[in-house]
Amino acid sequence: MKLYLRGHSCAYAVQEMLFTLFPGQKAEYPEGEPDGSAPALLLTLDQREGELIASATLWWEDGVYTGERRADLSELTGGLADDRVKQRILRMAFYDAGVKARGGQPPWGALTGVRPVKLPTRRMAAGASRDEAKAVLTGLYRVGEKRAELAMECAETALAIRERLPKDGLSLYVGIPFCPSRCAYCSFISADVKGALGMVEPYVDLLCREIGEAGRQMRENGLHISTAYMGGGTPTTLTAEQMDRVLSAIEKHLPMERCGEFTVEAGRPDTITAEKLDVLKTHGIKRISINPQSMEDSVLAAMGRAHTAAQIEAAMSLAGERFGGLVNMDLIAGLPTDTVSGFSRTLDAVLEMAPANITVHTLALKKGSRLAEEGGDLCSPADVAAMLDLAEKRLRGAGYRPYYLYRQKYMSGSFENVGWCLPGTECAYNVIMMEELQTVLSLGAGGVTKLVDPDTGYIRRITNPKYPHEYLRSWDKLAAAKREAAEFQAELAKQA
């Protein structure tokens, strides 16, 4: 879509609304004035008679649509507050025109961020009632009743977890950036383990060294780990011996004495063996993830997975013997070649295996993924909506409840990802990470440490090198990041 911005420089806010209203459209910024050809948007910001006025003219298909929003100049108090006011009325003017053009509202109304649950969580933490917090979603942001209630249920879980997080604790993420193969929808920084065998062993060596440095810094500053998560990639691409080395280093060096949970993402069933699961159990891991995405063999083949539904069932059988039902299973609604009836069969098969957690994702066409570059036989937004409705109905009927939620750019139909759990089995790390409730210390290639002050909303990111070969050459940067994170959290603990 051609974007003509006049009287402001809020391009990022406008692009966010573009992706919300019209997924798949790309922003262009031509010179000159609009010539009436579609798709195009003219979005202006003027100041007249004590008001800021945002005006949108949208050319879409065969029609022209308009929207206008105003703000009193008294709302302008300087600095970032002024930017927020301008962005709000510009986004909403565009939104009003866009809703007319598309003939209805997006599933999440005018919300453009990936963390819709943060809005009610922050308001209730500041003293707002549940009804007041929900009214912000349904009123200001035009979120429909169904999804507003979904967000509120997740916000209540986030508040309960937030209340029990001590200031001298932080959460831990350990990244293993290797996979047995690359899925069509994936854009994560990960290497095909078959082509990266020479890097895996030195990677494990340096990761263990980084774990040791993190532990030294944390213990010197009187800190401890609240929750821990090992993800990737697929951590179980490591051999049993390599996994044992990493977990032994964590036990030896990190202050895990008060860690409430440690989850390991086994992910791909073709990487799971009894020997590896025994290593996890020996080291006290009580929760793992086995992520089928689909139980339809044809869909698995279409997305580049080298395993079958039968292997998923076999992996769950192995896991059940060692972890009971405390397993998360990921599903994706909208995968290439899938159908509503196929997704229904997947739900039936997964519910039959009775995992404690089921996360239902909406397919996102991520930049850098094979699916985004080459395309595929994708489901329609209407079919994706039907899949998500079916999932909610079946999961609620089976006793699951929503406990965390997030969105992504380029999602089919602009829907959401929702984590569902049986009562008392929520993965606190997922909530902490998504709602940014606590500092998360990330180890390994591609890890992003988030320094979080939940009382002020302050967040700062420190990134590890993305790729394994870069990570292997970056010890000084890694050590400095561990020191910075420990000192930040120790200062928060002093202020508590």
# chains A, B, ... in the order shown; residues from 1 in each chain; ligands from 1
$ residues_around --residues "A:Leu165" --least-positions-apart "6" --cutoff "10 Å" --atoms "only C-alpha atoms" --output "list in words"
Ser171, Ser226, Thr227, Ile432, Leu437 and Gln438 of chain A
$ write_last_selection --atoms "C-alpha atoms" --output "PDB file, in the first residue's frame"
ATOM      1  CA  SER A 171      14.204 -16.257  34.981  1.00  0.00           C
ATOM      2  CA  SER A 226      12.863 -18.326  39.655  1.00  0.00           C
ATOM      3  CA  THR A 227      11.983 -20.284  36.517  1.00  0.00           C
ATOM      4  CA  ILE A 432       6.854 -14.124  32.747  1.00  0.00           C
ATOM      5  CA  LEU A 437       7.082  -9.588  34.550  1.00  0.00           C
ATOM      6  CA  GLN A 438      10.697 -10.262  35.503  1.00  0.00           C
TER       7      GLN A 438
END
$ select_by_dssp --residues "stretch 381-465 of chain A" --states "strand (DSSP E or B)" --output "PyMOL selection string"
chain A and resi 401-406+411+417-421+440-443+448-453+458-463
$ write_last_selection --atoms "N, CA and C atoms" --output "short mmCIF file (atom, residue, chain, number, x, y, z; two decimals), in the first residue's frame"
data_model
loop_
_atom_site.label_atom_id
_atom_site.label_comp_id
_atom_site.auth_asym_id
_atom_site.auth_seq_id
_atom_site.Cartn_x
_atom_site.Cartn_y
_atom_site.Cartn_z
N ARG A 401 -7.98 -24.24 30.43
CA ARG A 401 -8.28 -22.81 30.49
C ARG A 401 -7.12 -22.04 29.88
N PRO A 402 -7.39 -20.85 29.32
CA PRO A 402 -6.31 -20.05 28.74
C PRO A 402 -5.46 -19.43 29.84
N TYR A 403 -4.13 -19.44 29.67
CA TYR A 403 -3.28 -18.84 30.70
C TYR A 403 -2.24 -17.87 30.17
N TYR A 404 -1.91 -17.94 28.88
CA TYR A 404 -1.10 -16.87 28.29
C TYR A 404 -1.44 -16.73 26.82
N LEU A 405 -1.13 -15.56 26.28
CA LEU A 405 -1.61 -15.21 24.95
C LEU A 405 -0.68 -14.18 24.35
N TYR A 406 -0.43 -14.31 23.06
CA TYR A 406 0.34 -13.27 22.37
C TYR A 406 0.00 -13.29 20.89
N MET A 411 0.28 -12.65 10.93
CA MET A 411 -0.51 -13.83 11.28
C MET A 411 -1.71 -13.94 10.35
N ASN A 417 -2.06 -16.43 19.37
CA ASN A 417 -1.56 -17.70 19.90
C ASN A 417 -2.01 -17.79 21.36
N VAL A 418 -2.54 -18.92 21.77
CA VAL A 418 -3.05 -19.07 23.14
C VAL A 418 -2.50 -20.34 23.77
N GLY A 419 -1.97 -20.22 24.98
CA GLY A 419 -1.57 -21.36 25.77
C GLY A 419 -2.71 -21.78 26.68
N TRP A 420 -3.06 -23.05 26.61
CA TRP A 420 -4.14 -23.61 27.42
C TRP A 420 -3.54 -24.60 28.41
N CYS A 421 -4.11 -24.67 29.60
CA CYS A 421 -3.57 -25.59 30.61
C CYS A 421 -4.69 -26.20 31.43
N VAL A 440 14.71 -11.65 32.39
CA VAL A 440 15.00 -12.97 31.83
C VAL A 440 16.45 -12.94 31.33
N LEU A 441 17.28 -13.78 31.93
CA LEU A 441 18.68 -13.91 31.54
C LEU A 441 18.79 -14.99 30.48
N SER A 442 19.29 -14.63 29.29
CA SER A 442 19.37 -15.57 28.17
C SER A 442 20.80 -15.98 27.90
N LEU A 443 21.00 -17.27 27.79
CA LEU A 443 22.31 -17.84 27.49
C LEU A 443 22.24 -18.57 26.15
N VAL A 448 18.15 -13.28 23.92
CA VAL A 448 17.93 -11.86 24.22
C VAL A 448 17.62 -11.73 25.70
N THR A 449 18.57 -11.19 26.45
CA THR A 449 18.34 -10.92 27.86
C THR A 449 17.47 -9.68 27.98
N LYS A 450 16.42 -9.74 28.79
CA LYS A 450 15.55 -8.59 29.03
C LYS A 450 15.70 -8.15 30.48
N LEU A 451 16.18 -6.95 30.66
CA LEU A 451 16.25 -6.36 31.99
C LEU A 451 14.93 -5.67 32.25
N VAL A 452 14.19 -6.13 33.25
CA VAL A 452 12.82 -5.68 33.47
C VAL A 452 12.64 -5.15 34.89
N ASP A 453 12.11 -3.94 34.99
CA ASP A 453 11.62 -3.42 36.27
C ASP A 453 10.10 -3.40 36.18
N TYR A 458 10.16 -0.30 32.95
CA TYR A 458 11.44 -0.18 32.25
C TYR A 458 11.87 -1.53 31.71
N ILE A 459 12.27 -1.54 30.43
CA ILE A 459 12.76 -2.77 29.79
C ILE A 459 13.95 -2.41 28.90
N ARG A 460 15.00 -3.16 29.02
CA ARG A 460 16.15 -3.00 28.14
C ARG A 460 16.64 -4.36 27.69
N ARG A 461 17.01 -4.47 26.43
CA ARG A 461 17.41 -5.75 25.85
C ARG A 461 18.92 -5.79 25.61
N ILE A 462 19.51 -6.93 25.91
CA ILE A 462 20.92 -7.19 25.62
C ILE A 462 20.96 -8.46 24.78
N THR A 463 21.47 -8.38 23.58
CA THR A 463 21.40 -9.51 22.66
C THR A 463 22.73 -10.25 22.59
#
$ residues_around --residues "stretch 138-145 of chain A" --least-positions-apart "2" --cutoff "10 Å" --atoms "only C-alpha atoms" --output "ChimeraX atom specification"
/A:92,105-112,116,133-136,147-151
$ closest_atom_pairs --of "stretch 294-408 of chain A" --to "stretch 256-275 of chain A" --cutoff "8 Å" --atoms "only C-alpha atoms" --output "tab-separated table"
residue	atom	partner	partner_atom	distance
A:Ala306	CA	A:Asp270	CA	7.3
A:His307	CA	A:Asp270	CA	5.9
A:Gln311	CA	A:Pro269	CA	6.2
A:Ile312	CA	A:Pro269	CA	5.4
A:Ala315	CA	A:Pro269	CA	5.7
A:Leu318	CA	A:Ala274	CA	6.4
$ write_last_selection --atoms "N, CA and C atoms" --output "PDB file, in the first residue's frame"
ATOM      1  N   ALA A 306      10.253 -34.308   9.212  1.00  0.00           N
ATOM      2  CA  ALA A 306      10.685 -35.660   8.843  1.00  0.00           C
ATOM      3  C   ALA A 306      10.201 -36.686   9.846  1.00  0.00           C
ATOM      4  N   HIS A 307       8.956 -36.548  10.292  1.00  0.00           N
ATOM      5  CA  HIS A 307       8.386 -37.530  11.219  1.00  0.00           C
ATOM      6  C   HIS A 307       6.909 -37.675  10.924  1.00  0.00           C
ATOM      7  N   GLN A 311       5.014 -41.301  15.223  1.00  0.00           N
ATOM      8  CA  GLN A 311       6.199 -41.001  16.033  1.00  0.00           C
ATOM      9  C   GLN A 311       5.870 -40.028  17.163  1.00  0.00           C
ATOM     10  N   ILE A 312       4.928 -39.138  16.927  1.00  0.00           N
ATOM     11  CA  ILE A 312       4.488 -38.230  17.994  1.00  0.00           C
ATOM     12  C   ILE A 312       3.858 -39.037  19.125  1.00  0.00           C
ATOM     13  N   ALA A 315       6.562 -40.820  21.047  1.00  0.00           N
ATOM     14  CA  ALA A 315       7.302 -39.905  21.917  1.00  0.00           C
ATOM     15  C   ALA A 315       6.491 -39.565  23.154  1.00  0.00           C
ATOM     16  N   LEU A 318       6.725 -42.415  25.624  1.00  0.00           N
ATOM     17  CA  LEU A 318       7.989 -42.357  26.368  1.00  0.00           C
ATOM     18  C   LEU A 318       7.941 -41.278  27.438  1.00  0.00           C
TER      19      LEU A 318
END
$ closest_residue --among "A:Thr346, A:Arg6, A:Leu335, A:Val340" --to "A:Glu313" --atoms "only C-alpha atoms"
A:Thr346
$ atom_distance --atom1 "atom CA of A:Lys393" --atom2 "atom CA of A:Phe343"
13.2 Å
$ residues_around --residues "A:Ile288" --least-positions-apart "3" --cutoff "12 Å" --atoms "only C-alpha atoms" --output "number ranges by chain"
A: 228-231, 234-236, 261-269, 272, 276-277, 280-281, 284-285, 291, 315-316, 318-320, 322-330, 355-358, 427
$ closest_atom_pairs --of "stretch 125-213 of chain A" --to "stretch 475-488 of chain A" --cutoff "9 Å" --atoms "only C-alpha atoms" --output "tab-separated table"
residue	atom	partner	partner_atom	distance
A:Leu206	CA	A:Trp475	CA	8.2
A:Glu210	CA	A:Leu478	CA	7.1
A:Glu213	CA	A:Ala479	CA	6.6
$ write_last_selection --atoms "N, CA and C atoms" --output "short mmCIF file (atom, residue, chain, number, x, y, z; two decimals), in the first residue's frame"
data_model
loop_
_atom_site.label_atom_id
_atom_site.label_comp_id
_atom_site.auth_asym_id
_atom_site.auth_seq_id
_atom_site.Cartn_x
_atom_site.Cartn_y
_atom_site.Cartn_z
N LEU A 206 31.28 -23.80 24.95
CA LEU A 206 31.18 -22.38 25.30
C LEU A 206 29.92 -22.09 26.10
N GLU A 210 29.67 -20.14 29.56
CA GLU A 210 28.78 -19.01 29.80
C GLU A 210 27.90 -19.27 31.02
N GLU A 213 29.94 -18.53 34.08
CA GLU A 213 30.10 -17.09 34.31
C GLU A 213 28.81 -16.48 34.85
#
$ closest_residue --among "A:Asp383, A:Asp278, A:Glu51, A:Glu16" --to "A:Glu321" --atoms "only C-alpha atoms"
A:Asp278
$ select_by_dssp --residues "stretch 328-443 of chain A" --states "helix (DSSP H, G or I)" --output "PyMOL selection string"
chain A and resi 340-353+370-374+381-397+412-414+428-435
$ write_last_selection --atoms "C-alpha atoms" --output "PDB file, in the first residue's frame"
ATOM      1  CA  VAL A 340     -10.870 -27.612   9.284  1.00  0.00           C
ATOM      2  CA  SER A 341     -11.724 -31.323   9.395  1.00  0.00           C
ATOM      3  CA  GLY A 342      -8.012 -32.233   9.491  1.00  0.00           C
ATOM      4  CA  PHE A 343      -7.405 -29.788  12.326  1.00  0.00           C
ATOM      5  CA  SER A 344     -10.383 -31.304  14.132  1.00  0.00           C
ATOM      6  CA  ARG A 345      -8.793 -34.742  13.874  1.00  0.00           C
ATOM      7  CA  THR A 346      -5.531 -33.287  15.233  1.00  0.00           C
ATOM      8  CA  LEU A 347      -7.385 -31.889  18.253  1.00  0.00           C
ATOM      9  CA  ASP A 348      -9.033 -35.253  18.886  1.00  0.00           C
ATOM     10  CA  ALA A 349      -5.686 -37.074  18.720  1.00  0.00           C
ATOM     11  CA  VAL A 350      -3.900 -34.615  21.004  1.00  0.00           C
ATOM     12  CA  LEU A 351      -6.687 -34.556  23.579  1.00  0.00           C
ATOM     13  CA  GLU A 352      -6.590 -38.344  23.614  1.00  0.00           C
ATOM     14  CA  MET A 353      -2.927 -38.104  24.734  1.00  0.00           C
ATOM     15  CA  ARG A 370      10.550 -20.733   3.277  1.00  0.00           C
ATOM     16  CA  LEU A 371       6.767 -20.386   3.408  1.00  0.00           C
ATOM     17  CA  ALA A 372       6.927 -16.577   3.244  1.00  0.00           C
ATOM     18  CA  GLU A 373       9.377 -16.681   0.349  1.00  0.00           C
ATOM     19  CA  GLU A 374       7.854 -19.467  -1.732  1.00  0.00           C
ATOM     20  CA  PRO A 381      -8.734 -16.612   7.213  1.00  0.00           C
ATOM     21  CA  ALA A 382     -12.277 -17.994   7.530  1.00  0.00           C
ATOM     22  CA  ASP A 383     -10.938 -21.539   7.892  1.00  0.00           C
ATOM     23  CA  VAL A 384      -8.335 -20.394  10.432  1.00  0.00           C
ATOM     24  CA  ALA A 385     -11.091 -18.680  12.428  1.00  0.00           C
ATOM     25  CA  ALA A 386     -13.107 -21.915  12.359  1.00  0.00           C
ATOM     26  CA  MET A 387     -10.069 -23.884  13.575  1.00  0.00           C
ATOM     27  CA  LEU A 388      -9.489 -21.499  16.487  1.00  0.00           C
ATOM     28  CA  ASP A 389     -13.158 -21.531  17.463  1.00  0.00           C
ATOM     29  CA  LEU A 390     -13.112 -25.315  17.366  1.00  0.00           C
ATOM     30  CA  ALA A 391      -9.978 -25.422  19.531  1.00  0.00           C
ATOM     31  CA  GLU A 392     -11.478 -23.154  22.170  1.00  0.00           C
ATOM     32  CA  LYS A 393     -14.705 -25.129  22.324  1.00  0.00           C
ATOM     33  CA  ARG A 394     -12.943 -28.503  22.577  1.00  0.00           C
ATOM     34  CA  LEU A 395     -10.294 -27.359  25.049  1.00  0.00           C
ATOM     35  CA  ARG A 396     -12.726 -25.648  27.391  1.00  0.00           C
ATOM     36  CA  GLY A 397     -14.938 -28.712  27.191  1.00  0.00           C
ATOM     37  CA  SER A 412      -3.201 -15.408   9.174  1.00  0.00           C
ATOM     38  CA  GLY A 413      -6.382 -13.434   9.842  1.00  0.00           C
ATOM     39  CA  SER A 414      -4.638 -11.284  12.518  1.00  0.00           C
ATOM     40  CA  ALA A 428       5.056 -19.666  34.691  1.00  0.00           C
ATOM     41  CA  TYR A 429       8.067 -18.979  32.471  1.00  0.00           C
ATOM     42  CA  ASN A 430       5.801 -18.474  29.441  1.00  0.00           C
ATOM     43  CA  VAL A 431       3.772 -15.865  31.320  1.00  0.00           C
ATOM     44  CA  ILE A 432       6.854 -14.124  32.747  1.00  0.00           C
ATOM     45  CA  MET A 433       8.477 -13.915  29.333  1.00  0.00           C
ATOM     46  CA  MET A 434       5.406 -12.827  27.401  1.00  0.00           C
ATOM     47  CA  GLU A 435       4.075 -10.293  29.923  1.00  0.00           C
TER      48      GLU A 435
END
$ atom_distance --atom1 "atom CA of A:Arg123" --atom2 "atom CA of A:Gly104"
28.1 Å
$ closest_residue --among "A:Glu31, A:Glu296, A:Met243, A:Cys154" --to "A:Asp338" --atoms "only C-alpha atoms"
A:Glu296
$ residues_around --residues "A:Glu470" --least-positions-apart "4" --cutoff "12 Å" --atoms "only C-alpha atoms" --output "PDB file with C-alpha atoms, in the first residue's frame"
ATOM      1  CA  ILE A 189      17.974 -18.524  14.197  1.00  0.00           C
ATOM      2  CA  MET A 199      29.819 -26.553  15.609  1.00  0.00           C
ATOM      3  CA  TYR A 203      28.959 -24.690  21.096  1.00  0.00           C
ATOM      4  CA  LEU A 206      31.180 -22.382  25.295  1.00  0.00           C
ATOM      5  CA  GLY A 444      23.378 -19.196  24.119  1.00  0.00           C
ATOM      6  CA  ALA A 445      23.319 -17.979  20.526  1.00  0.00           C
ATOM      7  CA  GLY A 446      20.378 -15.772  19.598  1.00  0.00           C
ATOM      8  CA  ASN A 464      23.780 -12.416  22.321  1.00  0.00           C
ATOM      9  CA  PRO A 465      25.238 -12.978  18.837  1.00  0.00           C
ATOM     10  CA  LYS A 466      22.585 -14.516  16.594  1.00  0.00           C
ATOM     11  CA  SER A 474      32.191 -13.519  21.358  1.00  0.00           C
ATOM     12  CA  TRP A 475      33.297 -14.432  24.866  1.00  0.00           C
ATOM     13  CA  LYS A 477      30.553  -9.709  25.009  1.00  0.00           C
ATOM     14  CA  LEU A 478      28.913 -12.705  26.644  1.00  0.00           C
TER      15      LEU A 478
END
$ closest_residue --among "A:Val85, A:Leu80, A:Leu90, A:Leu52" --to "A:Leu5" --atoms "only C-alpha atoms"
A:Leu90
$ residues_around --residues "A:Phe94" --least-positions-apart "5" --cutoff "9 Å" --atoms "only C-alpha atoms" --output "PyMOL selection string"
chain A and resi 14+17-18+41+43+54-58+66-68+89+99
$ decode --residues "stretch 449-478 of chain A" --atoms "N, CA and C atoms" --output "short mmCIF file (atom, residue, chain, number, x, y, z; two decimals), in the first residue's frame"
data_model
loop_
_atom_site.label_atom_id
_atom_site.label_comp_id
_atom_site.auth_asym_id
_atom_site.auth_seq_id
_atom_site.Cartn_x
_atom_site.Cartn_y
_atom_site.Cartn_z
N THR A 449 18.57 -11.19 26.45
CA THR A 449 18.34 -10.92 27.86
C THR A 449 17.47 -9.68 27.98
N LYS A 450 16.42 -9.74 28.79
CA LYS A 450 15.55 -8.59 29.03
C LYS A 450 15.70 -8.15 30.48
N LEU A 451 16.18 -6.95 30.66
CA LEU A 451 16.25 -6.36 31.99
C LEU A 451 14.93 -5.67 32.25
N VAL A 452 14.19 -6.13 33.25
CA VAL A 452 12.82 -5.68 33.47
C VAL A 452 12.64 -5.15 34.89
N ASP A 453 12.11 -3.94 34.99
CA ASP A 453 11.62 -3.42 36.27
C ASP A 453 10.10 -3.40 36.18
N PRO A 454 9.41 -4.38 36.75
CA PRO A 454 7.95 -4.47 36.58
C PRO A 454 7.19 -3.31 37.21
N ASP A 455 7.80 -2.62 38.17
CA ASP A 455 7.11 -1.52 38.83
C ASP A 455 7.06 -0.26 37.97
N THR A 456 8.12 -0.03 37.19
CA THR A 456 8.17 1.18 36.37
C THR A 456 7.89 0.91 34.89
N GLY A 457 7.93 -0.36 34.49
CA GLY A 457 7.76 -0.69 33.09
C GLY A 457 9.03 -0.58 32.28
N TYR A 458 10.16 -0.30 32.95
CA TYR A 458 11.44 -0.18 32.25
C TYR A 458 11.87 -1.53 31.71
N ILE A 459 12.27 -1.54 30.43
CA ILE A 459 12.76 -2.77 29.79
C ILE A 459 13.95 -2.41 28.90
N ARG A 460 15.00 -3.16 29.02
CA ARG A 460 16.15 -3.00 28.14
C ARG A 460 16.64 -4.36 27.69
N ARG A 461 17.01 -4.47 26.43
CA ARG A 461 17.41 -5.75 25.85
C ARG A 461 18.92 -5.79 25.61
N ILE A 462 19.51 -6.93 25.91
CA ILE A 462 20.92 -7.19 25.62
C ILE A 462 20.96 -8.46 24.78
N THR A 463 21.47 -8.38 23.58
CA THR A 463 21.40 -9.51 22.66
C THR A 463 22.73 -10.25 22.59
N ASN A 464 22.64 -11.58 22.65
CA ASN A 464 23.78 -12.42 22.32
C ASN A 464 23.92 -12.49 20.80
N PRO A 465 25.09 -12.80 20.29
CA PRO A 465 25.24 -12.98 18.84
C PRO A 465 24.21 -13.98 18.31
N LYS A 466 23.68 -13.71 17.12
CA LYS A 466 22.58 -14.52 16.59
C LYS A 466 23.00 -15.92 16.19
N TYR A 467 24.08 -16.01 15.46
CA TYR A 467 24.42 -17.28 14.82
C TYR A 467 25.48 -18.03 15.62
N PRO A 468 25.42 -19.37 15.61
CA PRO A 468 26.39 -20.14 16.40
C PRO A 468 27.84 -19.80 16.11
N HIS A 469 28.21 -19.59 14.83
CA HIS A 469 29.61 -19.29 14.54
C HIS A 469 30.03 -17.93 15.09
N GLU A 470 29.09 -16.96 15.17
CA GLU A 470 29.40 -15.66 15.78
C GLU A 470 29.50 -15.81 17.30
N TYR A 471 28.59 -16.58 17.85
CA TYR A 471 28.59 -16.83 19.30
C TYR A 471 29.93 -17.40 19.76
N LEU A 472 30.49 -18.29 18.98
CA LEU A 472 31.73 -18.96 19.37
C LEU A 472 32.92 -18.00 19.43
N ARG A 473 32.78 -16.80 18.84
CA ARG A 473 33.88 -15.83 18.83
C ARG A 473 33.61 -14.63 19.74
N SER A 474 32.66 -14.73 20.67
CA SER A 474 32.19 -13.52 21.36
C SER A 474 32.24 -13.61 22.87
N TRP A 475 33.28 -14.23 23.43
CA TRP A 475 33.30 -14.43 24.87
C TRP A 475 33.23 -13.13 25.66
N ASP A 476 33.99 -12.13 25.28
CA ASP A 476 34.02 -10.88 26.06
C ASP A 476 32.63 -10.25 26.14
N LYS A 477 31.90 -10.26 25.03
CA LYS A 477 30.55 -9.71 25.01
C LYS A 477 29.62 -10.53 25.89
N LEU A 478 29.76 -11.83 25.83
CA LEU A 478 28.91 -12.71 26.64
C LEU A 478 29.14 -12.46 28.13
#
